[in-house]
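Pasted below: input11.cif, mmCIF, C-alpha atoms and all ligand atoms.
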data_upload
loop_
_atom_site.label_atom_id
_atom_site.label_comp_id
_atom_site.auth_asym_id
_atom_site.auth_seq_id
_atom_site.Cartn_x
_atom_site.Cartn_y
_atom_site.Cartn_z
CA MET A 1 10.50 7.62 15.66
CA GLU A 2 12.15 5.82 18.54
CA ILE A 3 12.34 6.46 22.25
CA ILE A 4 15.77 6.65 23.84
CA ASN A 5 16.32 7.59 27.51
CA ASN A 6 12.70 8.75 27.73
CA ARG A 7 13.09 11.16 24.80
CA TYR A 8 11.54 10.67 21.40
CA GLN A 9 13.92 10.87 18.46
CA ILE A 10 13.58 10.88 14.70
CA ASP A 11 16.68 9.46 13.06
CA GLY A 12 18.74 10.54 16.07
CA ILE A 13 17.25 14.04 16.41
CA ASP A 14 15.42 14.94 19.60
CA VAL A 15 11.80 15.73 18.78
CA ILE A 16 11.20 18.31 21.51
CA GLU A 17 14.37 20.14 20.47
CA LEU A 18 13.03 20.24 16.91
CA CYS A 19 9.80 21.84 18.16
CA GLU A 20 11.73 24.39 20.17
CA LYS A 21 14.13 25.18 17.33
CA TYR A 22 11.55 25.66 14.58
CA GLY A 23 8.39 26.31 16.58
CA ALA A 24 5.21 24.25 16.30
CA PRO A 25 3.24 23.29 14.36
CA ILE A 26 5.76 21.72 12.01
CA TYR A 27 5.95 18.91 9.53
CA VAL A 28 9.05 16.72 9.82
CA TYR A 29 10.11 14.20 7.17
CA GLU A 30 12.64 11.46 7.49
CA THR A 31 14.46 10.71 4.23
CA ALA A 32 15.81 7.39 5.54
CA LYS A 33 12.25 6.05 5.67
CA MET A 34 11.44 7.23 2.14
CA GLN A 35 14.59 5.55 0.88
CA SER A 36 13.88 2.29 2.68
CA GLN A 37 10.30 2.18 1.37
CA TYR A 38 11.53 2.74 -2.17
CA LYS A 39 14.08 -0.02 -1.79
CA ARG A 40 11.48 -2.33 -0.27
CA MET A 41 9.32 -1.91 -3.33
CA MET A 42 12.18 -2.42 -5.78
CA LYS A 43 13.19 -5.56 -3.90
CA ALA A 44 9.66 -7.00 -3.93
CA PHE A 45 9.61 -6.70 -7.73
CA LYS A 46 13.23 -7.52 -8.48
CA GLY A 47 12.15 -10.35 -10.78
CA VAL A 48 10.59 -8.01 -13.35
CA ASN A 49 11.64 -4.94 -15.27
CA VAL A 50 10.02 -2.63 -12.71
CA LYS A 51 9.93 1.13 -12.51
CA VAL A 52 8.56 3.12 -9.59
CA ASN A 53 7.12 6.55 -10.31
CA TYR A 54 6.63 8.65 -7.19
CA ALA A 55 3.04 10.02 -7.17
CA CYS A 56 4.07 13.46 -6.04
CA LYS A 57 0.64 14.83 -5.19
CA ALA A 58 1.15 13.14 -1.82
CA LEU A 59 3.98 15.52 -0.90
CA THR A 60 5.45 17.98 -3.35
CA ASN A 61 8.32 19.56 -1.47
CA ILE A 62 11.02 19.97 -4.13
CA ASN A 63 13.57 18.20 -1.91
CA VAL A 64 11.38 15.13 -1.71
CA LEU A 65 11.11 15.10 -5.51
CA LYS A 66 14.88 15.37 -5.78
CA LEU A 67 15.38 12.59 -3.28
CA PHE A 68 13.29 10.20 -5.38
CA LYS A 69 14.98 11.35 -8.58
CA ASN A 70 18.35 10.55 -7.04
CA LEU A 71 17.09 7.11 -6.07
CA GLY A 72 16.25 6.43 -9.70
CA ALA A 73 12.49 6.79 -9.47
CA GLY A 74 10.27 8.37 -12.10
CA LEU A 75 7.44 10.77 -11.32
CA ASP A 76 3.68 10.57 -11.56
CA ALA A 77 2.18 14.02 -12.07
CA VAL A 78 -1.53 14.75 -12.08
CA SER A 79 -1.31 18.40 -13.14
CA ILE A 80 0.83 20.51 -15.44
CA GLN A 81 2.13 22.27 -12.33
CA GLU A 82 3.37 18.98 -10.90
CA VAL A 83 5.03 18.30 -14.25
CA LYS A 84 6.83 21.64 -13.99
CA LEU A 85 7.91 20.93 -10.42
CA GLY A 86 9.25 17.58 -11.57
CA LEU A 87 11.28 19.18 -14.34
CA LEU A 88 12.61 21.76 -11.87
CA ALA A 89 13.61 18.89 -9.58
CA GLY A 90 15.69 17.53 -12.44
CA PHE A 91 13.57 14.65 -13.72
CA ASN A 92 14.10 13.70 -17.32
CA PRO A 93 10.83 14.51 -19.18
CA GLN A 94 10.43 10.90 -20.29
CA ASP A 95 10.61 9.82 -16.65
CA ILE A 96 7.49 11.84 -15.89
CA MET A 97 4.09 10.33 -16.47
CA TYR A 98 1.40 12.98 -16.77
CA THR A 99 -1.88 11.47 -15.57
CA PRO A 100 -4.49 14.21 -15.51
CA ASN A 101 -8.23 13.87 -15.14
CA CYS A 102 -10.82 16.07 -16.80
CA VAL A 103 -8.27 18.66 -17.92
CA SER A 104 -8.54 20.59 -21.16
CA ILE A 105 -6.75 19.52 -24.33
CA ASP A 106 -4.79 22.78 -23.98
CA GLU A 107 -3.20 21.63 -20.75
CA ILE A 108 -2.38 18.29 -22.36
CA GLU A 109 -0.76 20.12 -25.27
CA ASP A 110 1.38 22.05 -22.80
CA ALA A 111 2.55 18.76 -21.35
CA VAL A 112 3.33 17.46 -24.85
CA LYS A 113 5.56 20.50 -25.39
CA LEU A 114 7.41 19.69 -22.18
CA GLY A 115 8.13 16.21 -23.54
CA VAL A 116 6.57 14.09 -20.80
CA LYS A 117 4.64 10.84 -21.16
CA ILE A 118 0.94 11.43 -21.71
CA ASN A 119 -1.71 9.30 -20.05
CA ILE A 120 -5.19 9.82 -21.48
CA ASP A 121 -8.31 9.09 -19.48
CA ASN A 122 -11.23 9.80 -21.75
CA ILE A 123 -12.25 9.04 -25.31
CA SER A 124 -13.02 12.62 -26.24
CA VAL A 125 -9.45 13.69 -25.49
CA LEU A 126 -8.04 10.55 -27.10
CA GLU A 127 -9.82 11.50 -30.28
CA GLN A 128 -8.69 15.14 -30.20
CA PHE A 129 -5.14 14.02 -29.42
CA GLY A 130 -5.21 11.59 -32.33
CA HIS A 131 -6.38 14.31 -34.72
CA ILE A 132 -3.55 16.59 -33.68
CA HIS A 133 -0.66 14.13 -33.35
CA GLY A 134 -1.54 10.88 -35.10
CA LYS A 135 1.42 8.57 -34.64
CA SER A 136 3.96 11.28 -33.86
CA ILE A 137 3.39 11.26 -30.08
CA PRO A 138 2.75 7.91 -28.40
CA VAL A 139 0.18 7.76 -25.61
CA CYS A 140 -0.69 5.74 -22.58
CA ILE A 141 -4.35 4.93 -21.97
CA ARG A 142 -5.90 4.91 -18.53
CA ILE A 143 -8.30 2.01 -18.24
CA ASN A 144 -10.97 1.68 -15.61
CA PRO A 145 -11.12 -2.07 -14.93
CA HIS A 146 -14.16 -1.65 -12.65
CA ILE A 147 -12.72 -3.39 -9.69
CA LEU A 148 -13.41 -2.09 -6.24
CA GLY A 149 -10.46 -0.71 -4.41
CA GLY A 150 -10.02 1.87 -1.77
CA GLY A 151 -10.61 2.20 1.93
CA ASN A 152 -13.21 4.95 1.50
CA THR A 153 -15.54 5.80 -1.39
CA LYS A 154 -13.82 9.19 -1.72
CA ILE A 155 -10.51 7.49 -2.48
CA SER A 156 -11.89 4.66 -4.56
CA THR A 157 -11.48 5.35 -8.26
CA GLY A 158 -12.15 2.04 -9.97
CA HIS A 159 -15.88 1.59 -9.38
CA ILE A 160 -18.60 1.84 -11.98
CA ASP A 161 -19.48 5.45 -11.16
CA SER A 162 -15.91 6.69 -11.07
CA LYS A 163 -14.89 9.66 -13.19
CA PHE A 164 -11.43 8.16 -13.72
CA GLY A 165 -10.22 6.25 -16.74
CA ILE A 166 -11.85 4.77 -19.81
CA SER A 167 -14.14 1.86 -19.06
CA ILE A 168 -12.97 -1.53 -20.32
CA TYR A 169 -16.44 -1.83 -21.80
CA GLN A 170 -15.44 0.93 -24.23
CA LEU A 171 -12.41 -0.92 -25.49
CA THR A 172 -13.80 -1.41 -28.98
CA HIS A 173 -14.39 2.30 -29.27
CA VAL A 174 -10.87 3.04 -28.02
CA LYS A 175 -9.34 0.70 -30.58
CA ARG A 176 -11.36 2.30 -33.35
CA VAL A 177 -10.13 5.78 -32.38
CA VAL A 178 -6.55 4.51 -32.18
CA GLU A 179 -6.70 2.77 -35.54
CA THR A 180 -8.45 5.48 -37.49
CA ASN A 181 -5.99 8.10 -36.25
CA ASP A 182 -2.99 5.82 -36.68
CA MET A 183 -2.02 6.35 -33.03
CA ILE A 184 0.72 4.59 -31.09
CA VAL A 185 -0.32 3.21 -27.71
CA GLU A 186 2.91 2.73 -25.78
CA GLY A 187 1.37 1.95 -22.42
CA LEU A 188 -1.72 1.00 -20.46
CA HIS A 189 -2.54 2.29 -17.03
CA MET A 190 -4.89 1.60 -14.17
CA HIS A 191 -5.18 3.15 -10.73
CA THR A 192 -8.12 1.96 -8.74
CA GLY A 193 -7.89 3.93 -5.53
CA SER A 194 -6.03 4.35 -2.32
CA ASP A 195 -5.81 2.04 0.69
CA ILE A 196 -6.36 -1.22 -1.15
CA LEU A 197 -5.77 -3.86 1.42
CA ASP A 198 -6.40 -7.05 -0.38
CA ILE A 199 -3.72 -8.11 -2.82
CA ASP A 200 -6.35 -10.24 -4.56
CA VAL A 201 -8.00 -7.00 -5.69
CA PHE A 202 -4.72 -6.01 -7.25
CA LEU A 203 -4.21 -9.35 -8.85
CA LYS A 204 -7.71 -9.29 -10.28
CA GLY A 205 -7.00 -5.87 -11.73
CA THR A 206 -3.75 -7.17 -13.17
CA GLU A 207 -5.47 -10.02 -14.90
CA ILE A 208 -8.01 -7.68 -16.48
CA MET A 209 -5.23 -5.34 -17.60
CA LEU A 210 -3.17 -8.14 -19.10
CA ASN A 211 -6.20 -9.24 -21.07
CA VAL A 212 -6.65 -5.70 -22.36
CA ALA A 213 -2.93 -5.55 -23.20
CA LYS A 214 -3.32 -8.46 -25.61
CA GLU A 215 -5.44 -6.15 -27.75
CA PHE A 216 -2.59 -3.67 -28.28
CA LYS A 217 0.55 -4.52 -30.19
CA GLY A 218 3.66 -2.49 -29.56
CA LEU A 219 3.26 -1.69 -25.86
CA ASP A 220 6.36 -0.71 -23.89
CA TYR A 221 4.92 -0.74 -20.41
CA ILE A 222 1.91 -1.44 -18.22
CA ASP A 223 1.32 0.84 -15.27
CA PHE A 224 -0.59 -0.78 -12.41
CA GLY A 225 -1.03 2.45 -10.48
CA SER A 226 -0.93 2.33 -6.74
CA GLY A 227 -3.17 2.31 -3.71
CA PHE A 228 -0.94 0.31 -1.40
CA LYS A 229 -2.13 0.55 2.16
CA VAL A 230 0.30 1.41 4.90
CA PRO A 231 -0.21 0.84 8.62
CA TYR A 232 -1.86 3.81 10.34
CA LYS A 233 -2.74 2.21 13.66
CA PRO A 234 -0.40 0.18 15.82
CA ASP A 235 -0.90 -3.43 14.66
CA ASP A 236 -2.76 -2.22 11.58
CA ILE A 237 -2.97 -4.47 8.57
CA PHE A 238 -1.34 -3.29 5.36
CA THR A 239 -0.62 -4.40 1.82
CA ASP A 240 1.77 -7.34 1.81
CA ILE A 241 4.10 -5.95 -0.82
CA ASP A 242 6.43 -8.96 -0.85
CA GLN A 243 3.60 -11.39 -1.46
CA LEU A 244 2.18 -9.13 -4.15
CA GLY A 245 5.65 -8.92 -5.69
CA LYS A 246 5.93 -12.68 -5.86
CA GLU A 247 2.52 -13.29 -7.39
CA LEU A 248 2.52 -10.38 -9.77
CA THR A 249 6.04 -11.13 -11.00
CA LYS A 250 4.96 -14.63 -11.96
CA LYS A 251 1.85 -13.42 -13.79
CA PHE A 252 3.65 -10.56 -15.51
CA ASN A 253 6.60 -12.63 -16.72
CA THR A 254 4.28 -15.29 -18.08
CA PHE A 255 2.38 -12.62 -19.92
CA CYS A 256 5.55 -11.05 -21.37
CA LYS A 257 6.55 -14.43 -22.79
CA GLU A 258 3.18 -14.80 -24.50
CA TYR A 259 3.28 -11.20 -25.68
CA GLY A 260 6.76 -11.69 -27.08
CA LYS A 261 8.34 -8.68 -25.42
CA ASP A 262 9.87 -7.75 -22.07
CA LEU A 263 7.47 -5.03 -20.99
CA GLN A 264 8.18 -2.62 -18.20
CA LEU A 265 5.98 -2.87 -15.12
CA ILE A 266 5.30 0.50 -13.55
CA PHE A 267 3.94 1.40 -10.13
CA GLU A 268 3.19 4.91 -8.95
CA PRO A 269 2.92 4.91 -5.18
CA GLY A 270 2.50 8.05 -3.14
CA LYS A 271 1.38 6.97 0.30
CA PHE A 272 3.58 3.87 0.39
CA LEU A 273 6.72 5.93 -0.18
CA VAL A 274 6.11 8.91 2.09
CA SER A 275 3.26 8.39 4.58
CA GLU A 276 5.26 6.82 7.37
CA ALA A 277 8.21 9.15 6.77
CA GLY A 278 6.20 12.14 8.00
CA TYR A 279 5.46 13.50 11.49
CA PHE A 280 3.28 16.42 12.35
CA LEU A 281 4.02 18.17 15.64
CA ALA A 282 1.58 20.52 17.32
CA ARG A 283 1.27 22.08 20.74
CA VAL A 284 -1.60 21.59 23.13
CA ASN A 285 -3.19 25.00 23.72
CA VAL A 286 -5.93 24.04 26.14
CA ILE A 287 -7.30 21.11 28.04
CA LYS A 288 -11.02 21.70 28.25
CA GLN A 289 -13.25 19.60 30.41
CA THR A 290 -16.90 19.75 29.37
CA THR A 291 -19.76 17.82 30.90
CA ALA A 292 -18.98 14.58 29.09
CA THR A 293 -15.65 14.97 27.35
CA VAL A 294 -12.07 16.08 27.93
CA PHE A 295 -10.96 18.05 24.90
CA ALA A 296 -7.35 18.70 24.01
CA GLY A 297 -7.34 21.80 21.82
CA LEU A 298 -4.28 22.18 19.59
CA ASP A 299 -2.59 25.11 17.90
CA THR A 300 -3.52 23.61 14.54
CA GLY A 301 -6.63 22.43 12.77
CA LEU A 302 -8.12 21.16 9.53
CA ASN A 303 -6.16 23.87 7.74
CA HIS A 304 -2.99 21.87 8.38
CA LEU A 305 -4.25 18.32 8.49
CA ILE A 306 -7.62 17.59 6.95
CA ARG A 307 -7.48 13.82 6.46
CA PRO A 308 -9.32 12.93 9.70
CA MET A 309 -12.25 15.19 8.75
CA PHE A 310 -12.17 14.57 5.00
CA TYR A 311 -11.64 10.81 4.92
CA ASP A 312 -12.36 9.80 8.51
CA ALA A 313 -8.68 8.90 8.52
CA TYR A 314 -7.04 7.63 11.66
CA HIS A 315 -3.78 9.32 12.63
CA HIS A 316 -2.06 7.93 15.67
CA MET A 317 -1.05 10.61 18.20
CA ILE A 318 1.73 10.48 20.75
CA ASN A 319 2.39 12.91 23.58
CA VAL A 320 6.11 13.32 22.98
CA SER A 321 6.43 15.65 25.99
CA ASN A 322 5.30 13.01 28.44
CA PRO A 323 6.35 9.55 27.26
CA ASN A 324 5.51 7.77 30.51
CA GLY A 325 2.39 9.53 31.74
CA LYS A 326 -0.82 7.79 32.77
CA PRO A 327 -2.94 7.07 29.68
CA ARG A 328 -6.10 9.18 29.69
CA ILE A 329 -8.95 9.64 27.25
CA TYR A 330 -9.06 12.80 25.12
CA THR A 331 -10.96 14.09 22.17
CA VAL A 332 -8.35 15.98 20.20
CA VAL A 333 -9.59 19.02 18.30
CA GLY A 334 -8.22 21.94 16.30
CA TYR A 335 -8.56 25.72 16.63
CA ILE A 336 -10.54 26.28 13.41
CA CYS A 337 -14.10 27.60 13.58
CA GLU A 338 -15.48 24.35 12.24
CA THR A 339 -15.76 21.01 13.92
CA ASP A 340 -12.23 19.86 13.25
CA THR A 341 -11.79 16.77 15.33
CA PHE A 342 -8.55 14.87 14.89
CA GLY A 343 -9.69 11.93 16.98
CA TRP A 344 -12.47 11.00 19.38
CA ASN A 345 -11.81 9.36 22.71
CA ARG A 346 -8.16 8.65 22.18
CA LYS A 347 -6.05 7.08 24.84
CA ILE A 348 -2.99 9.32 25.14
CA SER A 349 -0.32 9.69 27.79
CA GLU A 350 -1.58 12.46 30.12
CA LEU A 351 -1.56 15.81 28.32
CA ASP A 352 -0.73 19.18 29.80
CA GLU A 353 -1.17 22.55 28.20
CA GLY A 354 2.08 23.27 26.34
CA ASP A 355 2.86 19.61 25.58
CA TYR A 356 3.75 18.60 22.05
CA LEU A 357 1.58 16.05 20.32
CA CYS A 358 3.00 14.10 17.40
CA PHE A 359 0.77 12.80 14.58
CA LEU A 360 2.15 9.79 12.76
CA ASN A 361 1.76 9.00 9.04
CA ALA A 362 1.94 12.69 8.25
CA GLY A 363 3.98 12.38 5.07
CA ALA A 364 1.24 11.76 2.50
CA TYR A 365 -1.70 14.08 1.79
CA CYS A 366 -1.13 16.18 4.88
CA PHE A 367 0.91 19.29 4.12
CA ALA A 368 -0.09 18.81 0.46
CA MET A 369 -3.75 19.38 1.39
CA SER A 370 -3.15 22.28 3.76
CA SER A 371 -4.78 25.67 3.32
CA ASN A 372 -4.97 29.16 4.78
CA TYR A 373 -8.51 28.76 6.09
CA ASN A 374 -9.22 31.12 9.01
CA SER A 375 -6.25 33.11 7.67
CA ARG A 376 -3.82 30.87 9.46
CA TYR A 377 -0.27 30.39 8.23
CA ARG A 378 0.76 27.10 6.75
CA PRO A 379 3.40 25.38 8.89
CA ALA A 380 7.11 24.99 8.24
CA GLU A 381 8.56 21.78 6.81
CA VAL A 382 11.76 20.19 8.09
CA ILE A 383 13.68 17.31 6.55
CA ILE A 384 15.93 15.00 8.49
CA HIS A 385 18.63 13.67 6.21
CA HIS A 386 21.66 11.63 7.29
CA GLY A 387 20.95 12.48 10.92
CA LYS A 388 20.75 16.25 10.38
CA ASP A 389 17.73 18.56 10.31
CA PHE A 390 17.12 21.10 7.54
CA LEU A 391 14.39 23.69 7.24
CA VAL A 392 12.95 23.13 3.75
CA ARG A 393 9.93 25.42 3.88
CA LYS A 394 9.50 28.50 5.98
CA ARG A 395 6.39 29.04 8.03
CA GLU A 396 4.16 31.56 6.29
CA ASN A 397 3.62 35.09 7.50
CA ILE A 398 1.15 37.93 6.98
CA ASP A 399 2.73 38.83 3.62
CA ASP A 400 1.92 35.37 2.32
CA LEU A 401 -1.73 35.94 3.15
CA LEU A 402 -1.79 39.19 1.21
CA ARG A 403 0.37 38.06 -1.71
CA ASN A 404 -1.60 38.35 -4.98
CA GLN A 405 -4.34 40.39 -3.37
CA ILE A 406 -4.87 43.78 -4.98
CA GLU A 407 -6.25 46.60 -2.89
CA ILE A 408 -8.61 49.00 -4.64
CA GLU A 409 -10.08 52.39 -3.65
CA LEU A 410 -13.27 51.76 -1.72
C1 LIG A 501 -3.03 9.62 -6.17
C2 LIG A 501 -2.53 8.77 -7.25
C3 LIG A 501 -1.56 7.80 -6.99
C4 LIG A 501 -1.00 7.51 -5.61
O1 LIG A 501 -1.88 6.87 -4.77
P1 LIG A 501 -1.40 6.39 -3.31
O2 LIG A 501 -2.58 5.77 -2.70
O3 LIG A 501 -0.92 7.58 -2.57
O4 LIG A 501 -0.27 5.44 -3.51
C5 LIG A 501 -1.10 7.06 -8.06
N1 LIG A 501 -1.57 7.27 -9.30
C6 LIG A 501 -2.49 8.19 -9.58
C7 LIG A 501 -2.96 8.37 -10.97
C8 LIG A 501 -3.01 8.97 -8.57
O5 LIG A 501 -3.95 9.88 -8.86
#

Rewrite the coordinates I just gave you, this time as C-alpha cells.
Amino acid sequence: MEIINNRYQIDGIDVIELCEKYGAPIYVYETAKMQSQYKRMMKAFKGVNVKVNYACKALTNINVLKLFKNLGAGLDAVSIQEVKLGLLAGFNPQDIMYTPNCVSIDEIEDAVKLGVKINIDNISVLEQFGHIHGKSIPVCIRINPHILGGGNTKISTGHIDSKFGISIYQLTHVKRVVETNDMIVEGLHMHTGSDILDIDVFLKGTEIMLNVAKEFKGLDYIDFGSGFKVPYKPDDIFTDIDQLGKELTKKFNTFCKEYGKDLQLIFEPGKFLVSEAGYFLARVNVIKQTTATVFAGLDTGLNHLIRPMFYDAYHHMINVSNPNGKPRIYTVVGYICETDTFGWNRKISELDEGDYLCFLNAGAYCFAMSSNYNSRYRPAEVIIHHGKDFLVRKRENIDDLLRNQIEIEL
C-alpha cells in the first residue's frame, strides 16, 4: 500500500473507492506481492534444486491457489479438503504434499487414491500404511527434530511436547517399521512452527535432518517446512531469507555430494508468501470515551480476524480515511459479545466514526480462520491483479447462515 496525493492505494487502486464499491469489511489481496515473495524465495535458493510448496491453510481462495500453480509452486495441504481444492485449482497430484496430523488411516487412503504425496507423522499410521501398501506407494516421514521454533507456544510445533511429527528419538523404531514392511521412504520432512526469527534455529534443524537423511537410502527430497517470520510492525525484524539461502545452500549441496544424489530441497511457506499481500478494511462504528480509555469500535470482530486474540498477534492499523490527522491513542475493539480487542493503546491518525481502518498483514490466517460467530456474515474477498480489482468471494447473507440447517416440527 502506498500513499499518493494523500490517498492510499494498493497497486494503483484507491483504497477508499474499494471500500465504497464493495462495502466494508473486506479482505483485499495483492497478487503482485505474492508473486514477488515467491520469486524472492526462489532467488534466495537458486543454488539448489529447490521447490516451494504453498501452505494453503494460510489462505485458500481458489484464485490464490491458481496463482501459485501458475508460478510453478507445489502445494502443501493439511487436510483432504485442501487436497481436493488443490486438485480443483489444477495442481498435478504429485505436486501436492499431504501433511495431515492425527487423521484417520481412512482419510490417508483417500489421499492415496487421489495420487498425492503422503507425509506420515506417527508410527501407528506408518505401520498401518506399510501393511496396506508395502513398497507400492512411497512415503515421506515427518520428523520432529525437537528444536524450538515459533513466536508463540501455540504456533511452535517442534518442542518436546508437540503432537506433530515422529520424534528423532524413535528413529530406530521407524527404520524397523520401514524395513519389515519393505517400504520406500522418498522424503523426509520437518516443520517446527511459525514465526521463527533466528536462522540459526533453521540451520540447526537442517543439520539434524541431514543426519537423519543419512539413515535412509533412496530419498528424492528433504522438506524443511516453513515458519519464516515476516515483518508485522514497522521496523520489525524478520527472517533473513537471503542469508538463510546462502548458508543452507552450502550445507545442502555438501550433503548431496556425500549422499551421492542431487536431492530436491522443499519449503512450504504460507505466511511468507501471502501475509503482506493482504489488507483487511473495516469501518469505525463508534468512538467511545470511557473513564480511562478511548475505544474505537469497528464493524468487525474476532469472527473476521482472530489472530490478535488467539495469538496475541500484532496487526498494524492505518486510518486510510485520514492520512494526515493528529496521532491519537485508541484501543481498537470489535463488535462481538466477547472481549475482542484488536490492539491496546495504539497510536493512530485521528479517527472519526465512519472512517476506514486498514489492517496490514491480513493475507495469512485471517480470512482462513474466520467464522460466523454471533451470526455475522463472513466478509467479501477482493483480488487486485495487474492493477485491476476483482471480487473473488461474495459477502455472505442470511441464506448462508441457514444453509445445511434443517427445520423440524417443534
Ligand atoms: C502451517 C504449516 C506451514 C506454513 O507455515 P507458515 O508459518 O505459514 O509459513 C507449513 N507446513 C506445515 C506442515 C504447516 O502445518

Could you pull out the residues sitting within 9 Å of ligand LIG 501 (chain A), using all atoms listed in the file, and write them as a ChimeraX atom specification? /A:53-58,76-78,98-101,142,150,155,157,164,189-196,224-229,267-275,364-365

Report the distance between atom CA of Gly325 of chain A and atom CA of Thr293 of chain A in Å, rounded to one decimal place. 19.3 Å

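Proximity to Leu67 of chain A was assessed for A:His385, A:Gln81, A:Ile13, A:Ile3 counting all atoms listed in the file; the smallest distance is recorded for A:His385.
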
Just to confirm, what's the straight-line distance from atom CA of His304 of chain A to atom CA of Asp352 of chain A in Å (one decimal)? 21.7 Å

Please report the interatomic distance between atom CA of Asp11 of chain A and atom CA of Asn397 of chain A in Å with one decimal.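 These atoms are spaced 29.3 Å apart.
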
Between A:Asp121, A:Glu258, A:Asp200, A:Glu396, which is the closest to Ser371 of chain A once you count only C-alpha atoms? A:Glu396

Radius query 12 Å about (3.6, -9.5, -8.9), atoms used: all atoms listed in the file, as a ChimeraX atom specification: /A:41-50,199-200,202-207,224,240-255,265-267

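In this comparison, which uses all atoms listed in the file, the residue of A:Asp110, A:Glu215, A:Glu381, A:Asp95 approaching Arg393 of chain A most closely is A:Glu381.
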
Which of A:Leu302, A:Ile166, A:Val286, A:Cys337 sits closest to Glu353 of chain A [using only C-alpha atoms]: A:Val286

Show me, as a PyMOL selection string, the residues that have an atom within 7 Å of Ile80 of chain A when counting all atoms listed in the file, minus same-chain residues fewer than 4 positions from it. chain A and resi 84+107+111

Here is a test: counting only C-alpha atoms, which residue of A:Cys366, A:Val178, A:Ile318, A:Met209 is nearest to Tyr8 of chain A?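 Among the listed residues, A:Ile318 lies closest to Tyr8 of chain A.
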